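These notes concern the structure reproduced below.
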Amino acid sequence: MTAKLISNAYEAALTMAAVLLCWGVALWLEGAAGLHTDVLVLAVALSFTLARSQRTADTRRRLTALVLLPVTAGASIFVGRLLASHYTLGAAVFTAGMALAIWIRRYGPAATKAGTLLALPLVALLVVPGPALPPKSQGGLVTWGWAALVGAVACGGVWLVQGVGDRFGPRHWRAEPAPEQPPRRSRLHPRPSTRMALQMAAGIAAAFVLGHLLFDDHWPWVVLTAYVAASGNHGRTDVLRKGIERLAGATVGTLLAAGVAAIGFTGDVSVALMFGVLTVALWLRPLNYAYWAAGMTCALSLLLGYFGQDALSLLPTRLEGIAVGAVLSVAAAWWLLPVPRARRQFVHGTTSPVS
């Protein structure tokens, strides 16, 4: 266990170093180009998720990411605009994009990696909730061109830090590219990738509907939970376990955030504390997903507080939204074309970048 904790600490340090590097570049861009603060959040969200998915990527996969991520990051801005102006249409496009990212796994490992890159900016869109920000924080939101540039910056920052770490770090901790496994055809019909795509679409679509009806502008909490619980689907039990762990972790994170809010941390102190919480959550995530859920809940509370929302009063609402999202995801996995656990070996790349 001690060796695992040390190894986890090394990986967490690499990820946070990449995140801080990308955040620093985005901070410079914000000042130089007069951008809005959400460009910083986008840089952090993309570098966080990319760091894990690219940890063992070979050169071809990294060049693919350098092409696809800026494009999809720019496209995600249009989805965000749709959600703000035409919620139903934007929700439909978002849901279709998430389902497509899973459905194309049927075409092998390369398509699976492309699907992951397609999903990353859409997940970041939920963490950068433009429509859900206070009105005074919505002006001058990042444009598609700047978003594409931030995507390229995230790629460069993550690769630079990971490359330096593997070059000068302990040899036995260096990441080696994982060999691609040959495709194995499943006899299950519809295919596991199709089933998982339909489950994801059903869960996210229901989350958009109930999230808007029950939580108004705070719908991203419901949708994000529905995505996280269903991604990397290893069967019905796995989805149920992740839903419970996310709810349990969010409960702990809610209590932590309440304590932080009571102390009254604001401004730069809250930003530093947010990065500290995320570092600890990264360190403990391989032990149990609940640690990551707790850290993310606390960090997002600090982020919303930084943007001017009353994070303390919204904590019960966030917990309710997470519970609804988890229930929707579990319901879709259990009753809509469930994927038998024995069939998961036929589904490529079932690990979510944020799970």
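Here, A, B, ... name the chains of the structure tokens in the order displayed, residue numbers run from 1 inside each chain, and ligands are numbered from 1 in the same displayed order.
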Item to check | range 160-168 of chain A surroundings by only C-alpha atoms, 10 Å radius, close-in-sequence under 2 positions cut, as number ranges by chain | outcome: A: 10-11, 13-19, 21, 51, 54-56, 154-158, 170-176
Spatial neighbours of Ala96 in chain A, 10 Å, only C-alpha atoms, chain gap at least 5 places, as a CSV table (one decimal) with N, CA and C atoms, in the first residue's frame:
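The resulting around.csv:
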chain,number,residue,atom,x,y,z
A,90,GLY,N,-29.5,22.4,-28.0
A,90,GLY,CA,-28.2,22.2,-27.5
A,90,GLY,C,-28.1,20.9,-26.7
A,91,ALA,N,-29.1,20.6,-26.0
A,91,ALA,CA,-29.1,19.3,-25.2
A,91,ALA,C,-29.1,18.1,-26.2
A,101,ALA,N,-19.4,9.3,-29.4
A,101,ALA,CA,-18.1,9.0,-28.8
A,101,ALA,C,-18.0,7.6,-28.3
A,197,ALA,N,-23.9,3.2,-25.9
A,197,ALA,CA,-24.2,4.5,-26.5
A,197,ALA,C,-25.7,4.8,-26.2
A,198,LEU,N,-26.6,3.9,-26.4
A,198,LEU,CA,-28.0,4.1,-26.2
A,198,LEU,C,-28.2,4.4,-24.7
A,200,MET,N,-26.1,5.7,-22.6
A,200,MET,CA,-25.5,7.0,-22.3
A,200,MET,C,-26.5,8.1,-22.8
A,201,ALA,N,-27.0,7.9,-24.0
A,201,ALA,CA,-27.9,8.9,-24.6
A,201,ALA,C,-29.2,9.0,-23.8
A,204,ILE,N,-28.3,10.7,-20.3
A,204,ILE,CA,-28.0,12.2,-20.4
A,204,ILE,C,-29.2,13.0,-20.9
A,205,ALA,N,-30.0,12.4,-21.8
A,205,ALA,CA,-31.2,13.1,-22.2
A,205,ALA,C,-32.2,13.3,-21.1
Checklist entry - With only C-alpha atoms as the basis for distance, which of A:Arg106, A:Pro338, A:Trp144, A:Val209 is at the shortest distance from Gly80 in chain A? => result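 Of the candidates, the smallest distance to Gly80 in chain A is held by A:Trp144.
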Next on the checklist: Please list as number ranges by chain every residue within 12 Å of range 255-271 of chain A, counting only C-alpha atoms and excluding residues in the same chain fewer than 4 positions away.
Outcome noted: A: 20, 23, 40-41, 44, 248-251, 275-278, 293-316, 318-319
Checklist entry - Which one of A:Leu100, A:Val330, A:Ala148, A:Met274 sits closest to Gly253 in chain A if you count only C-alpha atoms? => result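 Using only C-alpha atoms, the shortest distance to Gly253 in chain A belongs to A:Met274.
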Item to check | Gln199 in chain A environment, 12 Å, only C-alpha atoms, sequence neighbours closer than 5 positions dropped, as number ranges by chain | outcome: A: 95-96, 98-100, 102-103, 192-194, 204-206, 226-227, 229-233, 235-236, 239, 328-339
Atoms to include: C-alpha atoms. Write the selected residues as a PDB file, in the first residue's frame.
ATOM      1  CA  THR A  95     -26.387  14.001 -26.152  1.00  0.00           C
ATOM      2  CA  ALA A  96     -25.721  12.910 -29.734  1.00  0.00           C
ATOM      3  CA  MET A  98     -21.624  11.784 -26.218  1.00  0.00           C
ATOM      4  CA  ALA A  99     -23.423   8.792 -27.709  1.00  0.00           C
ATOM      5  CA  LEU A 100     -21.323   9.005 -30.876  1.00  0.00           C
ATOM      6  CA  ILE A 102     -19.112   5.591 -27.449  1.00  0.00           C
ATOM      7  CA  TRP A 103     -20.776   4.109 -30.533  1.00  0.00           C
ATOM      8  CA  PRO A 192     -21.905  -3.672 -26.516  1.00  0.00           C
ATOM      9  CA  SER A 193     -20.814  -0.311 -27.946  1.00  0.00           C
ATOM     10  CA  THR A 194     -24.298   0.283 -29.348  1.00  0.00           C
ATOM     11  CA  ILE A 204     -28.005  12.171 -20.428  1.00  0.00           C
ATOM     12  CA  ALA A 205     -31.236  13.100 -22.242  1.00  0.00           C
ATOM     13  CA  ALA A 206     -33.260  12.385 -19.095  1.00  0.00           C
ATOM     14  CA  ALA A 226     -25.222  10.865 -15.398  1.00  0.00           C
ATOM     15  CA  TYR A 227     -22.173  10.855 -17.682  1.00  0.00           C
ATOM     16  CA  ALA A 229     -21.614   7.028 -13.602  1.00  0.00           C
ATOM     17  CA  ALA A 230     -22.275   5.508 -17.045  1.00  0.00           C
ATOM     18  CA  SER A 231     -18.868   6.053 -18.653  1.00  0.00           C
ATOM     19  CA  GLY A 232     -16.526   3.090 -18.668  1.00  0.00           C
ATOM     20  CA  ASN A 233     -19.542   0.820 -18.222  1.00  0.00           C
ATOM     21  CA  GLY A 235     -21.872  -3.858 -16.376  1.00  0.00           C
ATOM     22  CA  ARG A 236     -24.883  -2.970 -14.263  1.00  0.00           C
ATOM     23  CA  VAL A 239     -22.609   1.573 -12.822  1.00  0.00           C
ATOM     24  CA  LEU A 328     -30.920   8.098 -14.060  1.00  0.00           C
ATOM     25  CA  SER A 329     -27.614   6.558 -15.107  1.00  0.00           C
ATOM     26  CA  VAL A 330     -28.189   3.408 -13.046  1.00  0.00           C
ATOM     27  CA  ALA A 331     -31.723   3.040 -14.396  1.00  0.00           C
ATOM     28  CA  ALA A 332     -30.521   3.253 -18.009  1.00  0.00           C
ATOM     29  CA  ALA A 333     -27.722   0.728 -17.417  1.00  0.00           C
ATOM     30  CA  TRP A 334     -29.993  -1.766 -15.656  1.00  0.00           C
ATOM     31  CA  TRP A 335     -33.087  -1.656 -17.834  1.00  0.00           C
ATOM     32  CA  LEU A 336     -32.091  -0.422 -21.284  1.00  0.00           C
ATOM     33  CA  LEU A 337     -30.201  -3.177 -23.151  1.00  0.00           C
ATOM     34  CA  PRO A 338     -27.913  -4.034 -20.190  1.00  0.00           C
ATOM     35  CA  VAL A 339     -24.348  -5.093 -21.008  1.00  0.00           C
TER      36      VAL A 339
END
Item to check | Shell of 12 Å around Leu287 in chain A, only C-alpha atoms, local chain residues under 5 positions omitted, as a VMD selection string | outcome: chain A and resid 1 to 2 4 to 5 7 to 9 245 280 to 282 292
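Across the model, the gap from CA of Ala43 in chain A to CA of Trp159 in chain A is 14.3 Å.
Of the residues listed (A:Arg191, A:Arg246, A:Thr317, A:Leu68), A:Arg246 shows the shortest atom-to-atom separation from Arg285 in chain A; distances use only C-alpha atoms.
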